[in-house]
>>> print(open('protein_32.cif').read())   # mmCIF, C-alpha atoms
data_my_file
loop_
_atom_site.label_atom_id
_atom_site.label_comp_id
_atom_site.auth_asym_id
_atom_site.auth_seq_id
_atom_site.Cartn_x
_atom_site.Cartn_y
_atom_site.Cartn_z
CA MET A 1 40.87 -4.15 32.34
CA LYS A 2 43.90 -5.86 30.96
CA ASP A 3 44.01 -6.04 27.18
CA VAL A 4 43.69 -9.65 26.07
CA ARG A 5 45.90 -8.75 23.13
CA ASP A 6 48.81 -8.39 25.50
CA GLU A 7 48.44 -11.96 26.62
CA LEU A 8 48.00 -13.91 23.40
CA PRO A 9 51.08 -14.45 21.24
CA LEU A 10 51.09 -13.60 17.56
CA PHE A 11 51.22 -16.32 14.90
CA GLU A 12 51.98 -15.99 11.20
CA VAL A 13 49.70 -17.93 8.88
CA PHE A 14 50.71 -19.66 5.64
CA ILE A 15 48.15 -21.19 3.32
CA ARG A 16 48.57 -23.53 0.37
CA ALA A 17 45.84 -22.67 -2.11
CA LYS A 18 45.99 -26.01 -3.90
CA ASN A 19 48.12 -29.08 -4.20
CA GLY A 20 51.36 -28.44 -6.01
CA LEU A 21 51.60 -24.79 -4.99
CA ASP A 22 53.74 -23.44 -2.16
CA HIS A 23 52.42 -22.23 1.14
CA ARG A 24 52.14 -18.45 1.04
CA HIS A 25 52.03 -15.98 3.86
CA VAL A 26 48.50 -14.63 4.15
CA GLY A 27 48.51 -12.76 7.44
CA SER A 28 48.72 -13.19 11.18
CA LEU A 29 46.49 -13.73 14.18
CA HIS A 30 46.58 -13.99 17.96
CA ALA A 31 46.19 -17.36 19.67
CA SER A 32 47.04 -18.95 22.99
CA ASP A 33 48.76 -21.94 21.39
CA ALA A 34 49.54 -23.49 18.01
CA GLU A 35 46.38 -25.64 17.94
CA MET A 36 44.19 -22.61 18.49
CA ALA A 37 46.17 -20.71 15.88
CA LEU A 38 45.46 -23.49 13.40
CA THR A 39 41.71 -23.58 14.02
CA SER A 40 41.49 -19.78 14.06
CA ALA A 41 43.43 -19.63 10.80
CA ARG A 42 40.91 -22.02 9.31
CA ASP A 43 38.09 -19.69 10.33
CA VAL A 44 39.78 -16.41 9.47
CA TYR A 45 41.63 -17.27 6.28
CA THR A 46 40.00 -20.28 4.58
CA ARG A 47 36.27 -19.63 4.98
CA ARG A 48 35.94 -18.94 1.27
CA SER A 49 37.77 -22.11 0.25
CA GLU A 50 41.15 -20.40 -0.05
CA GLY A 51 43.22 -23.35 1.02
CA VAL A 52 43.97 -27.05 1.32
CA SER A 53 46.74 -26.80 3.91
CA ILE A 54 47.67 -24.40 6.71
CA TRP A 55 50.95 -23.73 8.49
CA VAL A 56 51.18 -21.52 11.55
CA VAL A 57 54.39 -20.37 13.17
CA LYS A 58 54.98 -18.13 16.15
CA SER A 59 55.99 -14.71 14.89
CA THR A 60 58.80 -14.60 17.46
CA ASP A 61 60.30 -17.75 15.90
CA ILE A 62 60.90 -15.95 12.63
CA THR A 63 64.33 -14.39 12.19
CA ALA A 64 64.03 -11.57 9.70
CA SER A 65 66.60 -9.53 7.87
CA SER A 66 66.83 -5.96 9.04
CA PRO A 67 65.93 -3.05 6.75
CA ASP A 68 69.25 -1.52 7.84
CA ASP A 69 71.09 -4.43 6.23
CA LYS A 70 69.46 -3.78 2.87
CA GLY A 71 72.60 -2.22 1.47
CA GLU A 72 75.03 -4.99 2.29
CA PHE A 73 72.53 -7.82 1.79
CA PHE A 74 70.97 -6.95 -1.53
CA ASP A 75 72.66 -4.09 -3.34
CA PRO A 76 75.83 -6.01 -4.31
CA ASN A 77 73.72 -8.33 -6.46
CA ASP A 78 72.22 -5.57 -8.57
CA ASP A 79 75.20 -5.31 -10.92
CA LYS A 80 75.83 -9.04 -11.34
CA MET A 81 73.71 -9.68 -14.38
CA TYR A 82 75.71 -12.82 -15.19
CA ARG A 83 73.91 -14.58 -12.35
CA HIS A 84 70.66 -14.36 -14.28
CA PRO A 85 70.10 -17.17 -16.79
CA THR A 86 69.26 -14.67 -19.51
CA PHE A 87 72.07 -15.58 -21.90
CA TYR A 88 70.68 -18.90 -23.07
CA ASN A 89 68.80 -19.32 -26.32
CA LEU A 90 65.57 -21.09 -25.50
CA PRO A 91 63.67 -23.08 -28.14
CA ASP A 92 60.22 -21.60 -28.79
CA GLU A 93 58.55 -24.85 -27.72
CA VAL A 94 59.64 -24.30 -24.12
CA GLY A 95 57.30 -21.34 -23.82
CA HIS A 96 57.30 -19.30 -20.60
CA MET A 97 59.99 -20.09 -18.09
CA MET B 1 5.86 -45.45 4.34
CA SER B 2 5.67 -43.64 7.63
CA ASN B 3 3.08 -41.09 8.66
CA PRO B 4 4.02 -37.66 7.19
CA GLN B 5 3.06 -35.90 10.43
CA THR B 6 5.48 -38.08 12.39
CA LEU B 7 8.29 -37.41 9.95
CA PHE B 8 7.48 -33.69 10.08
CA ASP B 9 7.64 -33.73 13.90
CA TYR B 10 10.97 -35.52 13.72
CA LEU B 11 12.50 -33.18 11.17
CA ILE B 12 11.56 -29.97 12.98
CA ARG B 13 13.20 -31.30 16.15
CA LEU B 14 16.45 -31.62 14.23
CA GLY B 15 16.02 -28.34 12.37
CA ASP B 16 14.97 -26.39 15.47
CA ASN B 17 18.06 -27.54 17.38
CA SER B 18 20.29 -26.16 14.65
CA LEU B 19 18.37 -22.93 14.13
CA ILE B 20 18.07 -21.92 17.77
CA LEU B 21 21.71 -22.68 18.53
CA GLY B 22 22.75 -20.85 15.36
CA GLN B 23 20.73 -17.83 16.49
CA ARG B 24 22.37 -17.95 19.92
CA LEU B 25 25.84 -17.96 18.33
CA ALA B 26 24.86 -15.06 16.08
CA GLU B 27 24.20 -13.05 19.25
CA TRP B 28 27.97 -13.05 19.81
CA SER B 29 28.57 -11.01 16.67
CA GLY B 30 30.25 -7.81 17.73
CA HIS B 31 30.71 -9.07 21.30
CA ALA B 32 33.20 -11.95 21.07
CA PRO B 33 36.29 -11.74 23.29
CA ILE B 34 38.71 -11.74 20.35
CA LEU B 35 38.38 -11.18 16.63
CA GLU B 36 39.42 -14.75 15.81
CA GLU B 37 36.60 -16.16 17.96
CA GLU B 38 34.14 -13.66 16.57
CA LEU B 39 34.68 -15.22 13.16
CA ALA B 40 34.71 -18.77 14.48
CA LEU B 41 31.40 -18.34 16.31
CA ALA B 42 29.77 -16.71 13.30
CA ASN B 43 31.04 -19.49 11.02
CA ILE B 44 29.69 -22.18 13.30
CA GLY B 45 26.41 -20.36 13.70
CA LEU B 46 26.05 -20.11 9.93
CA ASP B 47 26.82 -23.82 9.55
CA LEU B 48 23.98 -24.55 11.97
CA ILE B 49 21.57 -22.19 10.23
CA GLY B 50 22.48 -23.90 6.95
CA GLN B 51 21.51 -27.25 8.43
CA ALA B 52 18.27 -25.76 9.73
CA ARG B 53 17.38 -24.43 6.28
CA MET B 54 17.73 -27.86 4.70
CA LEU B 55 15.80 -29.60 7.48
CA LEU B 56 12.96 -27.08 7.76
CA THR B 57 12.56 -26.90 3.99
CA TYR B 58 12.26 -30.68 3.93
CA ALA B 59 9.86 -30.63 6.90
CA GLY B 60 7.64 -28.11 5.13
CA GLU B 61 7.49 -30.28 2.01
CA VAL B 62 6.68 -33.37 4.03
CA GLU B 63 3.89 -31.55 5.83
CA GLY B 64 2.40 -30.45 2.51
CA LYS B 65 0.62 -27.36 3.83
CA GLY B 66 2.70 -24.87 1.90
CA ARG B 67 4.94 -23.83 4.79
CA ASP B 68 8.50 -23.13 3.67
CA GLU B 69 11.62 -22.70 5.80
CA ASP B 70 10.88 -19.03 6.51
CA ARG B 71 7.28 -19.72 7.46
CA LEU B 72 8.46 -22.36 9.92
CA ALA B 73 11.24 -20.19 11.29
CA TYR B 74 9.38 -16.91 11.67
CA HIS B 75 5.74 -17.79 12.20
CA ARG B 76 5.78 -20.32 15.01
CA ASP B 77 5.18 -19.53 18.69
CA SER B 78 7.45 -20.94 21.34
CA SER B 79 5.12 -23.82 22.21
CA ASP B 80 5.44 -25.03 18.60
CA TRP B 81 9.22 -25.21 18.76
CA ARG B 82 10.87 -28.56 19.37
CA ASN B 83 14.50 -27.68 20.00
CA LEU B 84 16.27 -29.13 23.03
CA LEU B 85 16.22 -26.98 26.16
CA LEU B 86 20.03 -26.99 26.11
CA VAL B 87 20.38 -25.01 22.90
CA GLU B 88 18.03 -22.18 23.93
CA GLN B 89 19.96 -21.45 27.14
CA PRO B 90 21.46 -17.94 27.14
CA ASN B 91 25.05 -17.42 26.08
CA GLY B 92 26.24 -16.38 29.54
CA ASP B 93 29.99 -15.89 29.57
CA PHE B 94 32.29 -17.39 26.95
CA ALA B 95 32.81 -20.51 29.09
CA LYS B 96 29.08 -21.17 29.21
CA THR B 97 28.71 -20.71 25.46
CA MET B 98 31.58 -23.16 24.93
CA ALA B 99 30.15 -25.68 27.42
CA ARG B 100 26.77 -25.58 25.66
CA GLN B 101 28.47 -25.95 22.30
CA PHE B 102 30.70 -28.76 23.57
CA PHE B 103 27.73 -30.82 24.80
CA PHE B 104 25.68 -30.20 21.69
CA ASP B 105 28.54 -30.83 19.24
CA HIS B 106 29.34 -34.21 20.76
CA PHE B 107 25.67 -35.17 20.81
CA GLN B 108 24.98 -33.93 17.31
CA TYR B 109 28.03 -35.69 15.92
CA LEU B 110 26.83 -39.07 17.21
CA GLN B 111 23.25 -38.40 16.13
CA TYR B 112 24.15 -37.31 12.60
CA GLU B 113 26.60 -40.16 12.20
CA ALA B 114 23.67 -42.51 12.83
CA LEU B 115 21.31 -40.46 10.64
CA SER B 116 23.76 -40.58 7.73
CA ARG B 117 22.71 -44.24 7.49
CA SER B 118 18.98 -43.39 7.50
CA THR B 119 16.77 -45.15 4.96
CA ASP B 120 15.37 -41.70 4.16
CA GLU B 121 17.86 -40.69 1.49
CA ARG B 122 17.27 -36.99 1.78
CA LEU B 123 17.76 -36.98 5.54
CA ALA B 124 20.82 -39.24 5.19
CA GLY B 125 22.26 -36.79 2.67
CA ILE B 126 21.71 -33.78 4.94
CA ALA B 127 23.31 -35.64 7.85
CA ALA B 128 26.31 -36.77 5.82
CA LYS B 129 26.88 -33.28 4.44
CA SER B 130 26.68 -31.74 7.92
CA LEU B 131 28.94 -34.29 9.58
CA LYS B 132 32.18 -32.69 8.38
CA GLU B 133 31.11 -29.32 9.78
CA ILE B 134 30.11 -30.90 13.06
CA SER B 135 33.48 -32.67 13.34
CA TYR B 136 35.09 -29.27 13.18
CA HIS B 137 32.65 -27.72 15.68
CA ARG B 138 33.37 -30.55 18.09
CA ARG B 139 37.10 -30.04 17.81
CA HIS B 140 36.77 -26.29 18.28
CA SER B 141 34.59 -26.50 21.40
CA SER B 142 36.54 -29.40 22.93
CA ASP B 143 39.78 -27.46 22.50
CA TRP B 144 38.26 -24.52 24.34
CA VAL B 145 36.92 -26.65 27.19
CA ILE B 146 40.44 -28.04 27.67
CA ARG B 147 42.11 -24.67 27.26
CA LEU B 148 39.84 -22.93 29.77
CA GLY B 149 39.55 -25.87 32.17
CA ASP B 150 43.29 -26.40 32.26
CA GLY B 151 44.05 -22.69 32.07
CA THR B 152 44.11 -20.17 34.90
CA LYS B 153 42.20 -20.51 38.16
CA GLU B 154 39.66 -17.99 36.88
CA SER B 155 39.07 -19.81 33.58
CA HIS B 156 38.96 -23.20 35.33
CA ASP B 157 36.34 -22.02 37.82
CA ARG B 158 34.19 -20.47 35.11
CA MET B 159 34.34 -23.61 32.98
CA GLN B 160 33.50 -25.86 35.92
CA LYS B 161 30.55 -23.62 36.82
CA ALA B 162 29.36 -23.63 33.21
CA ILE B 163 29.27 -27.42 32.86
CA GLU B 164 27.49 -27.71 36.21
CA GLU B 165 24.86 -25.17 35.15
CA LEU B 166 24.13 -27.10 31.96
CA TRP B 167 24.56 -30.66 33.17
CA GLY B 168 20.87 -31.18 33.93
CA PHE B 169 19.93 -30.42 30.32
CA LEU B 170 21.80 -33.46 29.02
CA PRO B 171 19.40 -36.31 29.94
CA GLU B 172 16.69 -34.83 27.71
CA MET B 173 18.88 -35.27 24.64
CA PHE B 174 18.75 -39.04 25.01
CA ASP B 175 14.99 -39.43 25.58
CA MET B 176 12.94 -41.49 23.16
CA ASP B 177 9.23 -40.76 22.75
CA ALA B 178 6.56 -42.12 20.38
CA VAL B 179 7.86 -40.05 17.45
CA ASP B 180 11.43 -41.27 17.98
CA ASP B 181 10.24 -44.87 18.32
CA ALA B 182 8.18 -44.67 15.12
CA MET B 183 11.07 -43.13 13.17
CA LEU B 184 13.47 -45.73 14.51
CA ALA B 185 11.09 -48.54 13.55
CA ALA B 186 10.81 -47.07 10.05
CA GLY B 187 14.60 -47.04 9.72
CA ILE B 188 14.53 -43.25 9.34
CA GLY B 189 15.50 -42.07 12.81
CA ASP B 190 18.23 -43.13 15.15
CA ASP B 191 18.16 -44.56 18.65
CA VAL B 192 19.44 -41.58 20.67
CA ALA B 193 19.13 -43.50 23.95
CA SER B 194 21.82 -45.88 22.74
CA LEU B 195 24.24 -42.99 22.18
CA ARG B 196 24.52 -42.04 25.85
CA ASP B 197 27.44 -44.33 26.72
CA GLU B 198 29.52 -43.22 23.78
CA PHE B 199 28.63 -39.60 24.54
CA ASP B 200 29.67 -39.98 28.19
CA MET B 201 32.97 -41.55 27.23
CA ALA B 202 33.80 -38.78 24.77
CA ILE B 203 32.78 -36.03 27.21
CA GLU B 204 34.61 -37.51 30.16
CA LYS B 205 37.82 -37.90 28.19
CA VAL B 206 37.80 -34.16 27.44
CA LEU B 207 36.79 -33.21 30.99
CA ARG B 208 39.69 -35.25 32.40
CA GLU B 209 42.15 -33.57 30.10
CA ALA B 210 40.64 -30.23 31.10
CA THR B 211 41.09 -31.11 34.81
CA LEU B 212 37.34 -30.58 35.27
CA ASP B 213 35.09 -32.68 37.52
CA ARG B 214 32.15 -34.52 36.04
CA PRO B 215 29.14 -33.02 37.84
CA GLU B 216 26.76 -35.16 39.92
CA ASP B 217 23.55 -36.25 38.18
CA SER B 218 21.52 -34.36 40.75
CA TRP B 219 18.93 -32.60 38.58
CA SER B 220 17.42 -32.71 35.12
CA VAL B 221 14.77 -30.85 33.15
CA ARG B 222 12.73 -31.97 30.17
CA GLY B 223 9.83 -30.84 28.06
CA SER B 224 10.99 -29.68 24.65
CA ARG B 225 9.44 -32.63 22.82
CA GLU B 226 6.03 -31.42 24.07
CA GLY B 227 6.85 -27.77 23.40
CA ARG B 228 7.48 -26.87 27.06
CA HIS B 229 10.44 -24.50 26.98
CA SER B 230 12.37 -22.32 29.38
CA GLU B 231 11.46 -18.63 29.48
CA HIS B 232 14.58 -17.86 27.43
CA LEU B 233 13.16 -19.17 24.15
CA GLY B 234 10.42 -16.52 24.07
CA TYR B 235 12.95 -13.69 24.24
CA LEU B 236 15.09 -15.31 21.57
CA LEU B 237 12.10 -15.69 19.24
CA ALA B 238 10.94 -12.14 19.91
CA GLU B 239 14.23 -10.92 18.50
CA MET B 240 14.61 -13.47 15.71
CA GLN B 241 11.02 -13.16 14.50
CA PHE B 242 10.56 -9.44 15.02
CA LEU B 243 10.67 -8.38 11.38
CA GLN B 244 8.22 -10.99 10.14
CA ARG B 245 5.91 -10.31 13.10
CA ALA B 246 5.92 -6.56 12.59
CA TYR B 247 5.77 -6.71 8.79
CA PRO B 248 4.27 -10.09 7.86
CA ASP B 249 5.60 -11.52 4.61
CA ALA B 250 8.00 -8.63 4.08
CA LYS B 251 10.43 -9.36 1.26
CA TRP B 252 13.97 -8.17 0.73
#
>>> encode(input="protein_32.cif", output="structure tokens")
Amino acid sequence: MKDVRDELPLFEVFIRAKNGLDHRHVGSLHASDAEMALTSARDVYTRRSEGVSIWVVKSTDITASSPDDKGEFFDPNDDKMYRHPTFYNLPDEVGHM
Amino acid sequence: MSNPQTLFDYLIRLGDNSLILGQRLAEWSGHAPILEEELALANIGLDLIGQARMLLTYAGEVEGKGRDEDRLAYHRDSSDWRNLLLVEQPNGDFAKTMARQFFFDHFQYLQYEALSRSTDERLAGIAAKSLKEISYHRRHSSDWVIRLGDGTKESHDRMQKAIEELWGFLPEMFDMDAVDDAMLAAGIGDDVASLRDEFDMAIEKVLREATLDRPEDSWSVRGSREGRHSEHLGYLLAEMQFLQRAYPDAKW
């Protein structure tokens, strides 16, 4: 028997927990189309009231950075402390930033 | 004020529909074709069992003989059940389960929409609360009917076969008997007969999109309002009621 998994594309699921927050990646699932991915995401990822909004996107539509590029992508920023806004004096009233 | 026995009869019809279909969906647990559907079917089944709990609890209170939801669920023989013949039909393949769900969801949506305006506040509240769930069930099953009908040749043929096998169970949903008439007159129940046109329109729209043919009205079966069920209900109850039958009044 052919594995159904081979036939259904993978979708990544993003959920917004409440208004004002960003959508966050929560996981992935298999579905035949975007509509099915959306309803399945509702059943798989929001059944305990985890969300108010769902995005799904085909996993193949995501372009990701390669682990091999880690050196050239990220390492050069490690010694550029001046890019961090840590040299300002903040008034106490501002609290956590 | 209406006769309590009539209201009881009316409420268990509603509650039994939800409970038996919920039990059928629970049978898919561990057997669904994909994990995502496994969860969806269990969720929908639990929604239905939740409705049944509210309705049977209310029915027991109306009856006033001390029967609670569990008593009504686990200590009634098949001839005392009043669920539609449609909902007790076996799961069959996934297409048949979806066809059964599709017909019931569309029917239940229209029925509960009407019941949310019932003069019986408790029933109206149960209907209104359930309506959001049912909207989702309807969307889920309609999507699958379209997806399978307008899918591969294999899925199309299975879906077409499924709706043909269940088509004759639909007329019963829209029957009105003395209990329905009395509840309608009291402003408590709805006129299910009047829902048929809207039901047909909604169903046919989905079937067209699914490239499925509307079956001929060549056969129909009835009997659930008098407690005459298909053989399948007995087997379902034997499983569902086993624990309470073997160990009466066992507690967790």
>>> atom_distance(input="protein_32.cif", atom1="CA of Leu21 in chain A", atom2="CA of Ala64 in chain A")
23.3 Å
>>> interface_residues(input="protein_32.cif", of="chain B", to="chain A", cutoff="7 Å", atoms="only C-alpha atoms", output="PyMOL selection string")
chain B and resi 36+39-40
>>> residues_near_point(input="protein_32.cif", point="(18.7, -37.5, 28.2)", cutoff="10 Å", atoms="only C-alpha atoms", output="VMD selection string")
chain B and resid 168 to 176 192 to 193 195 to 196 220 to 222
>>> residues_around(input="protein_32.cif", residues="range 138-149 of chain B", least_positions_apart="5", cutoff="8 Å", atoms="all atoms listed in the file", output="list in words")
Met36 and Thr39 of chain A; Ala95, Met98, Ala99, Gln101, Phe102, Asp105, His106, Tyr109, Ser155, His156, Asp157, Met159, Gln160, Val206, Leu207, Glu209, Ala210, Thr211 and Leu212 of chain B
>>> atom_distance(input="protein_32.cif", atom1="CA of Leu184 in chain B", atom2="CA of Ala73 in chain B")
25.8 Å
>>> resolve_selection(input="protein_32.cif", expression="the PyMOL selection byres ((chain B and resi 82-88) around 8)", output="VMD selection string")
chain B and resid 12 to 17 20 to 21 24 79 to 81 89 to 90 100 104 166 169 to 170 172 to 173 222 to 227 229 to 230 232 to 233 236
>>> atom_distance(input="protein_32.cif", atom1="CA of Met183 in chain B", atom2="CA of Tyr10 in chain B")
7.6 Å
>>> residues_near_point(input="protein_32.cif", point="(30.7, -22.3, 17.2)", cutoff="7 Å", atoms="only C-alpha atoms", output="NGL selection string")
:B and (25 or 40-45 or 101 or 137)
>>> closest_residue(input="protein_32.cif", among="A:Asp79, A:Val94, A:Asn89, A:Leu38", to="Ser53 in chain A", atoms="all atoms listed in the file")
A:Leu38
>>> residues_around(input="protein_32.cif", residues="Leu7 in chain B", least_positions_apart="3", cutoff="12 Å", atoms="only C-alpha atoms", output="count of residues only")
31
>>> resolve_selection(input="protein_32.cif", expression="the PyMOL selection byres ((chain A and resi 55) around 8)", output="ChimeraX atom specification")
/A:13-15,23,38,53-54,56-57
>>> write_last_selection(input="protein_32.cif", atoms="C-alpha atoms", output="mmCIF file, keeping the file's coordinate frame")
data_model
loop_
_atom_site.group_PDB
_atom_site.id
_atom_site.type_symbol
_atom_site.label_atom_id
_atom_site.label_comp_id
_atom_site.auth_asym_id
_atom_site.auth_seq_id
_atom_site.Cartn_x
_atom_site.Cartn_y
_atom_site.Cartn_z
ATOM 1 C CA VAL A 13 49.700 -17.930 8.880
ATOM 2 C CA PHE A 14 50.710 -19.660 5.640
ATOM 3 C CA ILE A 15 48.150 -21.190 3.320
ATOM 4 C CA HIS A 23 52.420 -22.230 1.140
ATOM 5 C CA LEU A 38 45.460 -23.490 13.400
ATOM 6 C CA SER A 53 46.740 -26.800 3.910
ATOM 7 C CA ILE A 54 47.670 -24.400 6.710
ATOM 8 C CA VAL A 56 51.180 -21.520 11.550
ATOM 9 C CA VAL A 57 54.390 -20.370 13.170
#
>>> resolve_selection(input="protein_32.cif", expression="the PyMOL selection byres ((chain B and resi 242-250) around 10)", output="ChimeraX atom specification")
/B:70-71,73-75,236-241,251-252
>>> closest_residue(input="protein_32.cif", among="B:Phe107, B:Tyr235, B:Trp219, B:Tyr112", to="Asp200 in chain B", atoms="all atoms listed in the file")
B:Phe107
>>> closest_residue(input="protein_32.cif", among="A:Ser65, A:Ser59, A:Asn77, A:Thr86", to="Leu10 in chain A", atoms="all atoms listed in the file")
A:Ser59
>>> closest_residue(input="protein_32.cif", among="B:Arg158, B:Asp217, B:Gly234, B:Phe199", to="Thr97 in chain B", atoms="only C-alpha atoms")
B:Arg158
>>> axis_aligned_box(input="protein_32.cif", around="range 180-192 of chain B", padding_each_side="3 Å", output="AutoDock Vina command-line options")
--center_x 13.8 --center_y -44.9 --center_z 15.0 --size_x 17.3 --size_y 13.3 --size_z 17.3
>>> decode(input="protein_32.cif", residues="range 222-230 of chain B", atoms="all heavy atoms", output="PDB file, in the first residue's frame")
ATOM      1  N   ARG B 222     -37.852   4.675   7.529  1.00  0.00           N
ATOM      2  CA  ARG B 222     -38.272   5.475   8.670  1.00  0.00           C
ATOM      3  C   ARG B 222     -38.443   4.561   9.879  1.00  0.00           C
ATOM      4  O   ARG B 222     -38.358   3.346   9.749  1.00  0.00           O
ATOM      5  CB  ARG B 222     -39.612   6.138   8.370  1.00  0.00           C
ATOM      6  CG  ARG B 222     -39.572   7.127   7.239  1.00  0.00           C
ATOM      7  CD  ARG B 222     -40.976   7.630   6.960  1.00  0.00           C
ATOM      8  NE  ARG B 222     -40.949   8.992   6.444  1.00  0.00           N
ATOM      9  CZ  ARG B 222     -40.751   9.283   5.171  1.00  0.00           C
ATOM     10  NH1 ARG B 222     -40.548   8.327   4.290  1.00  0.00           N
ATOM     11  NH2 ARG B 222     -40.744  10.546   4.762  1.00  0.00           N
ATOM     12  N   GLY B 223     -38.718   5.175  11.015  1.00  0.00           N
ATOM     13  CA  GLY B 223     -39.077   4.351  12.169  1.00  0.00           C
ATOM     14  C   GLY B 223     -38.470   4.796  13.488  1.00  0.00           C
ATOM     15  O   GLY B 223     -38.900   4.360  14.543  1.00  0.00           O
ATOM     16  N   SER B 224     -37.475   5.691  13.442  1.00  0.00           N
ATOM     17  CA  SER B 224     -36.771   6.003  14.684  1.00  0.00           C
ATOM     18  C   SER B 224     -37.667   6.711  15.706  1.00  0.00           C
ATOM     19  O   SER B 224     -37.477   6.561  16.910  1.00  0.00           O
ATOM     20  CB  SER B 224     -35.554   6.882  14.387  1.00  0.00           C
ATOM     21  OG  SER B 224     -35.939   8.190  14.038  1.00  0.00           O
ATOM     22  N   ARG B 225     -38.642   7.461  15.229  1.00  0.00           N
ATOM     23  CA  ARG B 225     -39.502   8.168  16.189  1.00  0.00           C
ATOM     24  C   ARG B 225     -40.370   7.195  16.999  1.00  0.00           C
ATOM     25  O   ARG B 225     -40.885   7.536  18.055  1.00  0.00           O
ATOM     26  CB  ARG B 225     -40.381   9.196  15.469  1.00  0.00           C
ATOM     27  CG  ARG B 225     -39.627  10.471  15.112  1.00  0.00           C
ATOM     28  CD  ARG B 225     -40.516  11.395  14.272  1.00  0.00           C
ATOM     29  NE  ARG B 225     -39.908  12.683  13.986  1.00  0.00           N
ATOM     30  CZ  ARG B 225     -38.937  12.909  13.125  1.00  0.00           C
ATOM     31  NH1 ARG B 225     -38.370  11.886  12.494  1.00  0.00           N
ATOM     32  NH2 ARG B 225     -38.491  14.126  12.905  1.00  0.00           N
ATOM     33  N   GLU B 226     -40.546   5.965  16.452  1.00  0.00           N
ATOM     34  CA  GLU B 226     -41.288   4.939  17.210  1.00  0.00           C
ATOM     35  C   GLU B 226     -40.326   3.922  17.828  1.00  0.00           C
ATOM     36  O   GLU B 226     -40.760   2.891  18.357  1.00  0.00           O
ATOM     37  CB  GLU B 226     -42.267   4.196  16.289  1.00  0.00           C
ATOM     38  CG  GLU B 226     -43.426   5.036  15.774  1.00  0.00           C
ATOM     39  CD  GLU B 226     -43.028   5.822  14.521  1.00  0.00           C
ATOM     40  OE1 GLU B 226     -42.371   5.244  13.645  1.00  0.00           O
ATOM     41  OE2 GLU B 226     -43.362   7.022  14.461  1.00  0.00           O
ATOM     42  N   GLY B 227     -39.027   4.181  17.708  1.00  0.00           N
ATOM     43  CA  GLY B 227     -38.063   3.257  18.315  1.00  0.00           C
ATOM     44  C   GLY B 227     -37.750   2.051  17.441  1.00  0.00           C
ATOM     45  O   GLY B 227     -37.201   1.064  17.910  1.00  0.00           O
ATOM     46  N   ARG B 228     -38.108   2.108  16.147  1.00  0.00           N
ATOM     47  CA  ARG B 228     -37.751   1.023  15.240  1.00  0.00           C
ATOM     48  C   ARG B 228     -36.441   1.386  14.547  1.00  0.00           C
ATOM     49  O   ARG B 228     -36.382   2.329  13.777  1.00  0.00           O
ATOM     50  CB  ARG B 228     -38.871   0.796  14.203  1.00  0.00           C
ATOM     51  CG  ARG B 228     -40.042   0.030  14.788  1.00  0.00           C
ATOM     52  CD  ARG B 228     -41.118  -0.248  13.754  1.00  0.00           C
ATOM     53  NE  ARG B 228     -41.891   0.966  13.473  1.00  0.00           N
ATOM     54  CZ  ARG B 228     -41.929   1.586  12.300  1.00  0.00           C
ATOM     55  NH1 ARG B 228     -41.194   1.130  11.287  1.00  0.00           N
ATOM     56  NH2 ARG B 228     -42.662   2.660  12.138  1.00  0.00           N
ATOM     57  N   HIS B 229     -35.397   0.650  14.895  1.00  0.00           N
ATOM     58  CA  HIS B 229     -34.052   0.986  14.425  1.00  0.00           C
ATOM     59  C   HIS B 229     -33.495  -0.099  13.512  1.00  0.00           C
ATOM     60  O   HIS B 229     -34.027  -1.215  13.461  1.00  0.00           O
ATOM     61  CB  HIS B 229     -33.114   1.169  15.629  1.00  0.00           C
ATOM     62  CG  HIS B 229     -33.406   2.410  16.400  1.00  0.00           C
ATOM     63  ND1 HIS B 229     -32.955   3.645  16.024  1.00  0.00           N
ATOM     64  CD2 HIS B 229     -34.155   2.609  17.513  1.00  0.00           C
ATOM     65  CE1 HIS B 229     -33.382   4.551  16.876  1.00  0.00           C
ATOM     66  NE2 HIS B 229     -34.119   3.956  17.789  1.00  0.00           N
ATOM     67  N   SER B 230     -32.413   0.235  12.845  1.00  0.00           N
ATOM     68  CA  SER B 230     -31.701  -0.778  12.064  1.00  0.00           C
ATOM     69  C   SER B 230     -30.925  -1.672  13.042  1.00  0.00           C
ATOM     70  O   SER B 230     -30.733  -1.318  14.203  1.00  0.00           O
ATOM     71  CB  SER B 230     -30.749  -0.104  11.072  1.00  0.00           C
ATOM     72  OG  SER B 230     -29.814   0.702  11.750  1.00  0.00           O
TER      73      SER B 230
END
